[in-house]
Structure formats: C-alpha cells, structure tokens
>>> print(open('data.cif').read())   # mmCIF, C-alpha atoms
data_query
#
loop_
_atom_site.label_atom_id
_atom_site.label_comp_id
_atom_site.auth_asym_id
_atom_site.auth_seq_id
_atom_site.Cartn_x
_atom_site.Cartn_y
_atom_site.Cartn_z
CA MET S 174 -1.20 15.02 -15.12
CA ASN S 175 2.45 14.80 -14.22
CA ARG S 176 4.73 12.80 -16.42
CA MET S 177 5.23 9.28 -15.06
CA ILE S 178 8.09 6.88 -15.56
CA PHE S 179 7.82 3.11 -15.57
CA VAL S 180 11.07 1.23 -15.21
CA ASN S 181 10.34 -2.23 -16.60
CA LEU S 182 12.71 -4.79 -15.12
CA PRO S 183 12.96 -8.50 -15.92
CA VAL S 184 12.95 -10.62 -12.76
CA ALA S 185 13.51 -14.34 -12.26
CA ASP S 186 11.02 -14.73 -9.42
CA LEU S 187 8.18 -12.25 -9.21
CA GLN S 188 7.25 -12.91 -5.56
CA THR S 189 10.87 -12.57 -4.39
CA SER S 190 11.15 -9.26 -6.21
CA ILE S 191 7.82 -7.92 -4.94
CA ALA S 192 8.98 -8.64 -1.37
CA PHE S 193 12.33 -7.00 -2.04
CA TYR S 194 10.89 -3.81 -3.52
CA GLU S 195 8.36 -3.58 -0.70
CA ALA S 196 11.26 -3.84 1.76
CA VAL S 197 13.03 -0.87 0.15
CA GLY S 198 9.93 1.30 0.25
CA ALA S 199 7.83 0.64 -2.84
CA THR S 200 4.16 -0.30 -2.74
CA ALA S 201 2.56 -3.01 -4.86
CA ASP S 202 -0.16 -1.43 -7.00
CA PRO S 203 -3.42 -3.36 -6.57
CA HIS S 204 -4.63 -2.52 -10.08
CA PHE S 205 -1.65 -2.94 -12.36
CA LYS S 206 -0.57 -6.53 -12.06
CA GLY S 207 -1.10 -9.93 -13.59
CA ASP S 208 0.30 -11.98 -16.48
CA GLY S 209 3.68 -12.21 -14.79
CA ALA S 210 3.93 -8.53 -13.94
CA GLN S 211 3.48 -6.36 -10.86
CA MET S 212 3.72 -2.60 -10.75
CA MET S 213 5.56 -1.19 -7.72
CA ARG S 214 5.10 2.48 -6.85
CA PHE S 215 7.93 4.55 -5.38
CA SER S 216 5.84 7.71 -5.72
CA ASP S 217 2.88 8.99 -7.73
CA ASP S 218 5.15 9.46 -10.72
CA ILE S 219 7.82 6.79 -10.32
CA CYS S 220 6.97 3.15 -10.84
CA VAL S 221 8.93 -0.02 -11.34
CA MET S 222 7.19 -2.66 -13.40
CA LEU S 223 8.51 -6.05 -12.37
CA ALA S 224 8.08 -8.49 -15.22
CA SER S 225 8.78 -12.21 -15.39
CA HIS S 226 11.35 -13.18 -17.98
CA ALA S 227 8.59 -14.46 -20.27
CA ARG S 228 6.63 -11.23 -19.93
CA PHE S 229 9.70 -9.05 -20.45
CA ASP S 230 10.67 -11.04 -23.54
CA GLY S 231 7.16 -10.37 -24.80
CA PHE S 232 7.73 -6.61 -24.40
CA LEU S 233 10.92 -6.87 -26.47
CA GLU S 234 9.21 -8.80 -29.26
CA GLY S 235 12.52 -10.21 -30.38
CA THR S 236 14.23 -6.88 -31.04
CA ARG S 237 16.72 -7.29 -28.19
CA ALA S 238 17.99 -10.24 -26.18
CA ARG S 239 17.30 -9.96 -22.47
CA ILE S 240 20.61 -9.71 -20.66
CA ASP S 241 21.49 -10.94 -17.18
CA PRO S 242 22.16 -7.70 -15.26
CA LYS S 243 24.94 -9.46 -13.39
CA GLN S 244 26.75 -9.94 -16.69
CA GLY S 245 26.19 -6.57 -18.30
CA ALA S 246 24.93 -3.19 -17.17
CA GLN S 247 22.93 -0.72 -19.23
CA ALA S 248 21.47 1.51 -16.59
CA ILE S 249 21.79 2.39 -12.93
CA PHE S 250 18.73 3.77 -11.20
CA CYS S 251 19.04 6.43 -8.57
CA LEU S 252 16.26 7.62 -6.28
CA SER S 253 16.35 10.75 -4.18
CA ALA S 254 15.96 10.47 -0.43
CA ASP S 255 14.89 13.16 2.01
CA SER S 256 17.79 12.67 4.41
CA ARG S 257 20.97 10.78 5.14
CA GLU S 258 18.96 8.71 7.62
CA GLU S 259 16.58 7.60 4.88
CA VAL S 260 19.53 6.58 2.68
CA ASP S 261 20.93 4.47 5.51
CA ALA S 262 17.53 3.02 6.40
CA VAL S 263 16.88 1.87 2.83
CA ALA S 264 20.37 0.41 2.50
CA ALA S 265 19.85 -1.43 5.79
CA ALA S 266 16.47 -2.71 4.61
CA ALA S 267 18.03 -3.98 1.38
CA ALA S 268 20.83 -5.66 3.32
CA GLY S 269 18.22 -7.22 5.60
CA THR S 270 16.79 -9.11 2.62
CA GLY S 271 20.23 -10.48 1.80
CA ALA S 272 20.95 -7.98 -0.97
CA ASP S 273 24.43 -6.76 -1.83
CA VAL S 274 24.87 -3.22 -0.54
CA ASP S 275 27.62 -0.68 -1.24
CA ILE S 276 29.09 -2.39 -4.29
CA THR S 277 30.96 0.86 -4.78
CA PRO S 278 31.86 3.00 -1.76
CA ALA S 279 29.20 5.33 -0.37
CA ASP S 280 29.33 8.84 -1.86
CA ASP S 281 29.76 11.33 0.93
CA TYR S 282 30.40 14.96 0.09
CA GLY S 283 28.79 16.54 3.12
CA TYR S 284 26.00 18.08 1.03
CA MET S 285 25.42 14.82 -0.81
CA TYR S 286 25.22 11.26 0.45
CA GLY S 287 24.47 8.18 -1.57
CA ARG S 288 24.59 4.43 -1.16
CA ASN S 289 23.77 1.66 -3.57
CA PHE S 290 22.15 -1.73 -3.39
CA VAL S 291 21.52 -4.58 -5.78
CA ASP S 292 18.12 -6.17 -6.27
CA PRO S 293 17.71 -9.99 -6.31
CA ASP S 294 18.33 -10.10 -10.09
CA GLY S 295 21.37 -7.84 -10.11
CA HIS S 296 19.79 -4.50 -11.04
CA VAL S 297 21.73 -1.73 -9.33
CA TRP S 298 19.96 1.07 -7.46
CA GLN S 299 21.29 4.04 -5.60
CA MET S 300 19.59 6.14 -2.93
CA SER S 301 20.92 9.68 -2.70
CA TRP S 302 20.24 12.60 -0.46
CA MET S 303 21.43 15.99 -1.56
CA ASP S 304 21.22 19.50 -0.21
CA VAL S 305 20.69 21.01 -3.67
CA GLU S 306 21.53 24.59 -2.72
CA ALA S 307 24.74 23.56 -0.98
CA ALA S 308 25.66 21.39 -3.96
CA MET S 309 25.15 24.29 -6.35
CA ALA S 310 27.18 26.59 -4.14
CA ALA S 311 30.01 24.04 -4.01
CA ASP S 312 29.84 23.73 -7.79
CA LYS S 313 30.21 27.50 -8.16
CA GLU S 314 33.26 27.52 -5.89
CA SER S 315 34.95 24.81 -7.89
CA ALA S 316 34.17 26.56 -11.20
CA MET V 22 10.26 17.37 -1.68
CA ASN V 23 8.86 14.92 -4.17
CA ARG V 24 10.90 11.85 -4.81
CA MET V 25 13.06 12.09 -7.91
CA ILE V 26 14.54 9.40 -10.14
CA PHE V 27 17.79 9.64 -12.05
CA VAL V 28 18.18 7.08 -14.81
CA ASN V 29 21.91 6.78 -15.41
CA LEU V 30 22.70 5.67 -18.95
CA PRO V 31 26.10 5.00 -20.53
CA VAL V 32 26.54 6.75 -23.88
CA THR V 33 29.34 6.60 -26.42
CA ASP V 34 29.13 10.24 -27.54
CA LEU V 35 27.94 12.66 -24.89
CA GLU V 36 27.29 15.63 -27.20
CA ARG V 37 25.31 13.49 -29.63
CA SER V 38 23.18 12.15 -26.79
CA ILE V 39 22.57 15.60 -25.29
CA ALA V 40 21.29 16.79 -28.69
CA PHE V 41 19.12 13.70 -29.03
CA TYR V 42 17.50 14.03 -25.61
CA GLU V 43 16.92 17.73 -26.20
CA ALA V 44 15.17 16.84 -29.45
CA ILE V 45 12.72 14.58 -27.62
CA GLY V 46 11.87 17.27 -25.10
CA ALA V 47 14.39 16.98 -22.26
CA THR V 48 16.35 19.97 -20.99
CA ALA V 49 20.07 19.99 -20.23
CA ASP V 50 20.52 21.01 -16.60
CA PRO V 51 23.00 23.89 -16.36
CA TYR V 52 24.28 22.82 -12.93
CA PHE V 53 24.56 19.07 -12.98
CA LYS V 54 27.12 18.29 -15.62
CA GLY V 55 30.82 17.84 -16.11
CA GLY V 56 33.31 15.03 -15.71
CA GLY V 57 31.76 13.12 -18.60
CA ALA V 58 28.20 13.57 -17.42
CA GLN V 59 25.19 15.70 -18.27
CA MET V 60 21.88 15.64 -16.47
CA MET V 61 18.82 15.90 -18.70
CA ARG V 62 15.52 16.87 -17.10
CA VAL V 63 12.46 15.13 -18.44
CA SER V 64 10.24 16.58 -15.71
CA GLU V 65 10.64 17.99 -12.20
CA GLU V 66 10.92 14.46 -10.85
CA ILE V 67 12.41 12.51 -13.75
CA CYS V 68 15.99 12.98 -14.90
CA VAL V 69 18.25 11.08 -17.22
CA MET V 70 21.92 11.23 -16.36
CA LEU V 71 23.96 10.72 -19.52
CA LEU V 72 27.40 9.33 -18.73
CA THR V 73 30.39 8.52 -20.87
CA HIS V 74 31.38 4.87 -20.66
CA GLU V 75 34.37 5.89 -18.58
CA ARG V 76 32.21 7.74 -16.07
CA PHE V 77 29.54 5.01 -15.98
CA SER V 78 32.24 2.48 -15.18
CA CYS V 79 33.00 4.39 -11.96
CA PHE V 80 29.62 3.21 -10.67
CA THR V 81 29.79 -0.46 -11.56
CA SER V 82 32.46 -2.99 -12.34
CA ARG V 83 30.14 -4.80 -14.74
CA ARG V 84 30.84 -4.50 -18.40
CA ILE V 85 28.56 -2.19 -20.36
CA ALA V 86 26.17 -4.22 -22.47
CA ASP V 87 25.44 -3.07 -26.01
CA ALA V 88 21.88 -1.73 -25.91
CA HIS V 89 21.45 -2.26 -29.64
CA GLU V 90 21.64 -6.02 -29.11
CA THR V 91 20.50 -6.59 -25.56
CA ALA V 92 18.16 -5.15 -22.96
CA GLN V 93 18.51 -5.04 -19.19
CA VAL V 94 15.54 -2.72 -18.80
CA LEU V 95 12.75 -1.10 -20.78
CA LEU V 96 12.08 2.50 -19.84
CA CYS V 97 8.62 3.90 -20.35
CA LEU V 98 7.35 7.48 -20.09
CA SER V 99 3.73 8.51 -19.92
CA CYS V 100 2.44 11.00 -22.45
CA GLY V 101 -0.49 13.40 -22.32
CA GLY V 102 -2.11 12.11 -25.49
CA ARG V 103 -1.75 10.11 -28.68
CA ASP V 104 -0.45 13.17 -30.48
CA GLU V 105 2.42 13.53 -28.02
CA VAL V 106 3.30 9.85 -28.45
CA ASN V 107 3.49 10.29 -32.21
CA ALA V 108 5.30 13.64 -32.12
CA THR V 109 7.99 12.38 -29.72
CA THR V 110 8.56 9.22 -31.75
CA GLN V 111 8.94 11.32 -34.90
CA ALA V 112 11.32 13.72 -33.16
CA ALA V 113 13.43 10.75 -32.02
CA ALA V 114 13.67 9.39 -35.56
CA ALA V 115 14.56 12.81 -36.97
CA ALA V 116 17.30 13.23 -34.36
CA GLY V 117 19.14 10.01 -35.15
CA GLY V 118 17.17 7.56 -33.07
CA GLN V 119 15.18 4.60 -34.27
CA ALA V 120 11.41 4.77 -34.33
CA ASP V 121 9.34 1.78 -33.28
CA PRO V 122 11.98 -0.80 -32.35
CA ASN V 123 8.98 -2.50 -30.76
CA PRO V 124 5.66 -2.52 -32.66
CA PRO V 125 3.13 0.17 -31.69
CA GLN V 126 0.63 -0.87 -29.02
CA GLU V 127 -3.04 -0.15 -29.34
CA HIS V 128 -5.51 -1.36 -26.75
CA GLY V 129 -9.06 -0.30 -27.42
CA ASP V 130 -9.45 3.43 -27.07
CA PHE V 131 -7.75 3.70 -23.68
CA MET V 132 -4.08 2.96 -24.36
CA TYR V 133 -1.66 3.81 -27.13
CA GLY V 134 2.06 3.25 -27.11
CA ARG V 135 5.07 3.54 -29.37
CA SER V 136 8.79 3.28 -28.74
CA PHE V 137 12.09 4.66 -29.87
CA ALA V 138 15.72 3.74 -29.39
CA ASP V 139 18.25 6.43 -28.52
CA PRO V 140 21.56 6.63 -30.46
CA ASP V 141 23.09 4.02 -28.13
CA GLY V 142 20.16 1.64 -28.52
CA HIS V 143 18.41 2.25 -25.19
CA ILE V 144 14.71 1.71 -25.77
CA TRP V 145 12.14 4.14 -24.41
CA GLU V 146 8.46 3.41 -24.65
CA LEU V 147 5.96 6.23 -24.80
CA ALA V 148 2.52 5.45 -23.53
CA TRP V 149 -0.69 7.34 -23.32
CA MET V 150 -3.40 5.81 -21.20
CA ASP V 151 -6.83 6.82 -20.07
CA VAL V 152 -6.27 5.38 -16.60
CA ALA V 153 -9.93 5.36 -15.54
CA ALA V 154 -10.96 3.57 -18.74
CA ALA V 155 -8.06 1.11 -18.42
CA MET V 156 -9.04 0.26 -14.86
CA ALA V 157 -12.67 -0.17 -15.90
CA ALA V 158 -11.53 -2.53 -18.67
CA GLY V 159 -9.38 -4.41 -16.15
CA ALA V 160 -12.30 -4.67 -13.74
CA ALA V 161 -14.57 -5.93 -16.51
CA GLN V 162 -11.96 -8.56 -17.39
CA ASP V 163 -11.61 -9.66 -13.76
CA ALA V 164 -15.38 -9.91 -13.28
#
>>> encode(input="data.cif", output="structure tokens")
Amino acid sequence: MNRMIFVNLPVADLQTSIAFYEAVGATADPHFKGDGAQMMRFSDDICVMLASHARFDGFLEGTRARIDPKQGAQAIFCLSADSREEVDAVAAAAAGTGADVDITPADDYGYMYGRNFVDPDGHVWQMSWMDVEAAMAADKESA
Amino acid sequence: MNRMIFVNLPVTDLERSIAFYEAIGATADPYFKGGGAQMMRVSEEICVMLLTHERFSCFTSRRIADAHETAQVLLCLSCGGRDEVNATTQAAAAAGGQADPNPPQEHGDFMYGRSFADPDGHIWELAWMDVAAAMAAGAAQDA
C-alpha cells in the first residue's frame, strides 16, 4: 500500500470547513468521521483530517497548545495541480467561498505557476502546477 | 500524474533537519533545493519542503510559531506495520528528535500509532492500521 499522509487541522466550525474543502476539490470520506472530525480526501494518499478544537486538543494530550493559525504559522501546505487552469479554478473556488486568495503574489515562472488561498481558520494552502522537466532544465541553466 | 503534497516547514538549522529527515527515511531531492530550502521525499507523492525561517517568511507574513510549545497542525504518516512505526520512532529519537511527545495509541489489533517531534518541535504521528478491520469495527459500533 502506498504511504498516506493525514494533515490534521483544528477547525472552529466543522461544517463550514467541510463545505470549504469540498469547494476546493476534496471529498468527505463516508467512513472516517465522527466525534468532531471529518476526513477529507484530496487523493488516495493525501487526506486532511478536519478536527474540532476539542478533538484536536485531545490529539495533543496537553503536550502543545493549539495556536490560532492567523497568529502564528508552522506549516504551509502545497498541492500539485495538473495545469495552470486547475490552479486558477481552485483559487476561484476558494474565493467564491469568501476565502482570502493570493496573500502573497502568484508564482509565475512560465514552467511553474502557483497561487495560494486561506481556509476559514487561517491555514494557508498553495496550489502549484509545474512542468517538472522544464523546471529541471531551467535549474541546470542557472547552475 | 498523481496529486502530490508538499508540506512546507520552517526550520532553524537546515543541515540538521536534512540529516534528521534522512534518518527517518526521507530522501533529499537533488534538484529541488537551494535558497534556504531542501525538498525531502517521503514517497512519490509526499514531500516535505524544509525552509529556513527567512525563506519560510517569503510565503507568509505571519510570525513563525514555536512548534515546541504550540501546534497549528498534526501531521500523520501511514506505516506498513507495527514494526515500521517502532523503527521510525526509534530512528527519530536517535537522530535528535523526541520520541512519543503524544502517548502511543493502541486500538484493538487494528490500529497502532506513535509519534515523534522533529528538532524544531513539529510533531509527526506514525500510524499503522488494518483498514478493513478498522472499518468493520466502526460498522459494528454504528450498528
């Protein structure tokens, strides 16, 4: 079985977050949910586990204090997209839910294009499309 | 192409973090590095982008929260078995991480999890699950 990743994120309102992540392309898993949590699938191997504050605090078991992502950042999550159009479509979908989009300027290097958006709780995501071979060729030229 | 995820983490000492992530089984990508960044491949689809604080701050204006004290996210990777969970946790501890910042999780004979913190305090959970057995247990609970 492929390695899977679960990005566990604390959210203030589970239903708001489920709707948001569905809007940007994730699917609510019908099996892994309950007790203030809902697993959202971006692919077979990439999942976001949305957890209510109470549930997330339970995961931490007192070893860390949950931080408001609008006050402090510890991670930025980037997903690959198949095309520039998909990057723009996801950014537009995020904006359509009222999310902040493009908190830093879009990355546009010809062979690479990325835009970011912020989920309802302040977690920052980026969608990036890259032509890997062109990027590696550009890297060689600059070396 | 399968969707990929890049988990961008701020680190205080890039070389120390590269060595740590290599110790737990990730591979430094020879192409995607430089400018205070190094991409570590956990699998074909899962990458961790280690970034100096200076580089991370190019992507967000938010202050970087100390991951030893606070948590914005809990990252979790699936493992192929209990042995892999234990071996990776031990490798993390031997490489300067902290083993079991959260208590080990044991649910019947279908799920086993441990955790480690990287040198900057970012917590990773490692989980093995017999998915079919877990879903059967969930179904039995729902019934």
>>> closest_residue(input="data.cif", among="S:Val305, S:Leu233, S:Val291, S:Ala311", to="V:Ser136", atoms="only C-alpha atoms")
S:Leu233
>>> interface_residues(input="data.cif", of="chain S", to="chain V", cutoff="8 Å", atoms="all atoms listed in the file", output="number ranges by chain")
S: 174, 176-183, 204, 215-216, 218-219, 232-234, 236-255, 276-277, 309, 312
>>> resolve_selection(input="data.cif", expression="the PyMOL selection byres ((chain V and resi 114) around 12)", output="PDB file with C-alpha atoms, in the frame of the given file")
ATOM      1  CA  PHE V  41      19.120  13.700 -29.030  1.00  0.00           C
ATOM      2  CA  TYR V  42      17.500  14.030 -25.610  1.00  0.00           C
ATOM      3  CA  ALA V  44      15.170  16.840 -29.450  1.00  0.00           C
ATOM      4  CA  ILE V  45      12.720  14.580 -27.620  1.00  0.00           C
ATOM      5  CA  ASN V 107       3.490  10.290 -32.210  1.00  0.00           C
ATOM      6  CA  ALA V 108       5.300  13.640 -32.120  1.00  0.00           C
ATOM      7  CA  THR V 109       7.990  12.380 -29.720  1.00  0.00           C
ATOM      8  CA  THR V 110       8.560   9.220 -31.750  1.00  0.00           C
ATOM      9  CA  GLN V 111       8.940  11.320 -34.900  1.00  0.00           C
ATOM     10  CA  ALA V 112      11.320  13.720 -33.160  1.00  0.00           C
ATOM     11  CA  ALA V 113      13.430  10.750 -32.020  1.00  0.00           C
ATOM     12  CA  ALA V 115      14.560  12.810 -36.970  1.00  0.00           C
ATOM     13  CA  ALA V 116      17.300  13.230 -34.360  1.00  0.00           C
ATOM     14  CA  GLY V 117      19.140  10.010 -35.150  1.00  0.00           C
ATOM     15  CA  GLY V 118      17.170   7.560 -33.070  1.00  0.00           C
ATOM     16  CA  GLN V 119      15.180   4.600 -34.270  1.00  0.00           C
ATOM     17  CA  ALA V 120      11.410   4.770 -34.330  1.00  0.00           C
ATOM     18  CA  ASP V 121       9.340   1.780 -33.280  1.00  0.00           C
ATOM     19  CA  PRO V 122      11.980  -0.800 -32.350  1.00  0.00           C
ATOM     20  CA  SER V 136       8.790   3.280 -28.740  1.00  0.00           C
ATOM     21  CA  PHE V 137      12.090   4.660 -29.870  1.00  0.00           C
ATOM     22  CA  ALA V 138      15.720   3.740 -29.390  1.00  0.00           C
ATOM     23  CA  ASP V 139      18.250   6.430 -28.520  1.00  0.00           C
ATOM     24  CA  PRO V 140      21.560   6.630 -30.460  1.00  0.00           C
TER      25      PRO V 140
END
>>> residues_near_point(input="data.cif", point="(19.9, -5.5, 3.9)", cutoff="12 Å", atoms="all atoms listed in the file", output="count of residues only")
24
>>> resolve_selection(input="data.cif", expression="the PyMOL selection byres ((chain V and resi 150-152) around 6)", output="PyMOL selection string")
chain V and resi 131-132+149+153-155
>>> atom_distance(input="data.cif", atom1="atom CA of S:Ala192", atom2="atom CA of S:Arg288")
20.4 Å
>>> residues_around(input="data.cif", residues="S:Ala227", least_positions_apart="6", cutoff="10 Å", atoms="only C-alpha atoms", output="MDAnalysis selection string")
chainID S and resid 183:185 208:210
>>> atom_distance(input="data.cif", atom1="atom CA of S:His226", atom2="atom CA of S:Asp294")
11.0 Å
>>> atom_distance(input="data.cif", atom1="atom CA of S:Trp302", atom2="atom CA of V:Thr73")
23.2 Å
>>> build_atoms(input="data.cif", residues="stretch 97-112 of chain V", atoms="N, CA and C atoms", output="PDB file, in the frame of the given file")
ATOM      1  N   CYS V  97       9.882   3.447 -19.771  1.00  0.00           N
ATOM      2  CA  CYS V  97       8.620   3.900 -20.350  1.00  0.00           C
ATOM      3  C   CYS V  97       8.220   5.227 -19.722  1.00  0.00           C
ATOM      4  N   LEU V  98       7.838   6.178 -20.560  1.00  0.00           N
ATOM      5  CA  LEU V  98       7.350   7.480 -20.090  1.00  0.00           C
ATOM      6  C   LEU V  98       5.881   7.632 -20.466  1.00  0.00           C
ATOM      7  N   SER V  99       5.115   8.223 -19.579  1.00  0.00           N
ATOM      8  CA  SER V  99       3.730   8.510 -19.920  1.00  0.00           C
ATOM      9  C   SER V  99       3.662   9.777 -20.760  1.00  0.00           C
ATOM     10  N   CYS V 100       2.659   9.834 -21.607  1.00  0.00           N
ATOM     11  CA  CYS V 100       2.440  11.000 -22.450  1.00  0.00           C
ATOM     12  C   CYS V 100       1.016  11.509 -22.218  1.00  0.00           C
ATOM     13  N   GLY V 101       0.805  12.788 -22.548  1.00  0.00           N
ATOM     14  CA  GLY V 101      -0.490  13.400 -22.320  1.00  0.00           C
ATOM     15  C   GLY V 101      -1.537  13.063 -23.362  1.00  0.00           C
ATOM     16  N   GLY V 102      -1.129  12.451 -24.457  1.00  0.00           N
ATOM     17  CA  GLY V 102      -2.110  12.110 -25.490  1.00  0.00           C
ATOM     18  C   GLY V 102      -1.453  11.351 -26.618  1.00  0.00           C
ATOM     19  N   ARG V 103      -2.270  10.847 -27.519  1.00  0.00           N
ATOM     20  CA  ARG V 103      -1.750  10.110 -28.680  1.00  0.00           C
ATOM     21  C   ARG V 103      -0.854  10.998 -29.524  1.00  0.00           C
ATOM     22  N   ASP V 104      -1.233  12.258 -29.645  1.00  0.00           N
ATOM     23  CA  ASP V 104      -0.450  13.170 -30.480  1.00  0.00           C
ATOM     24  C   ASP V 104       0.971  13.318 -29.943  1.00  0.00           C
ATOM     25  N   GLU V 105       1.089  13.389 -28.621  1.00  0.00           N
ATOM     26  CA  GLU V 105       2.420  13.530 -28.020  1.00  0.00           C
ATOM     27  C   GLU V 105       3.246  12.263 -28.248  1.00  0.00           C
ATOM     28  N   VAL V 106       2.608  11.108 -28.169  1.00  0.00           N
ATOM     29  CA  VAL V 106       3.300   9.850 -28.450  1.00  0.00           C
ATOM     30  C   VAL V 106       3.875   9.881 -29.865  1.00  0.00           C
ATOM     31  N   ASN V 107       3.048  10.272 -30.809  1.00  0.00           N
ATOM     32  CA  ASN V 107       3.490  10.290 -32.210  1.00  0.00           C
ATOM     33  C   ASN V 107       4.557  11.358 -32.445  1.00  0.00           C
ATOM     34  N   ALA V 108       4.354  12.543 -31.881  1.00  0.00           N
ATOM     35  CA  ALA V 108       5.300  13.640 -32.120  1.00  0.00           C
ATOM     36  C   ALA V 108       6.673  13.306 -31.543  1.00  0.00           C
ATOM     37  N   THR V 109       6.700  12.699 -30.349  1.00  0.00           N
ATOM     38  CA  THR V 109       7.990  12.380 -29.720  1.00  0.00           C
ATOM     39  C   THR V 109       8.698  11.270 -30.493  1.00  0.00           C
ATOM     40  N   THR V 110       7.948  10.301 -30.952  1.00  0.00           N
ATOM     41  CA  THR V 110       8.560   9.220 -31.750  1.00  0.00           C
ATOM     42  C   THR V 110       9.166   9.792 -33.035  1.00  0.00           C
ATOM     43  N   GLN V 111       8.427  10.709 -33.665  1.00  0.00           N
ATOM     44  CA  GLN V 111       8.940  11.320 -34.900  1.00  0.00           C
ATOM     45  C   GLN V 111      10.179  12.161 -34.620  1.00  0.00           C
ATOM     46  N   ALA V 112      10.155  12.888 -33.516  1.00  0.00           N
ATOM     47  CA  ALA V 112      11.320  13.720 -33.160  1.00  0.00           C
ATOM     48  C   ALA V 112      12.541  12.836 -32.914  1.00  0.00           C
TER      49      ALA V 112
END
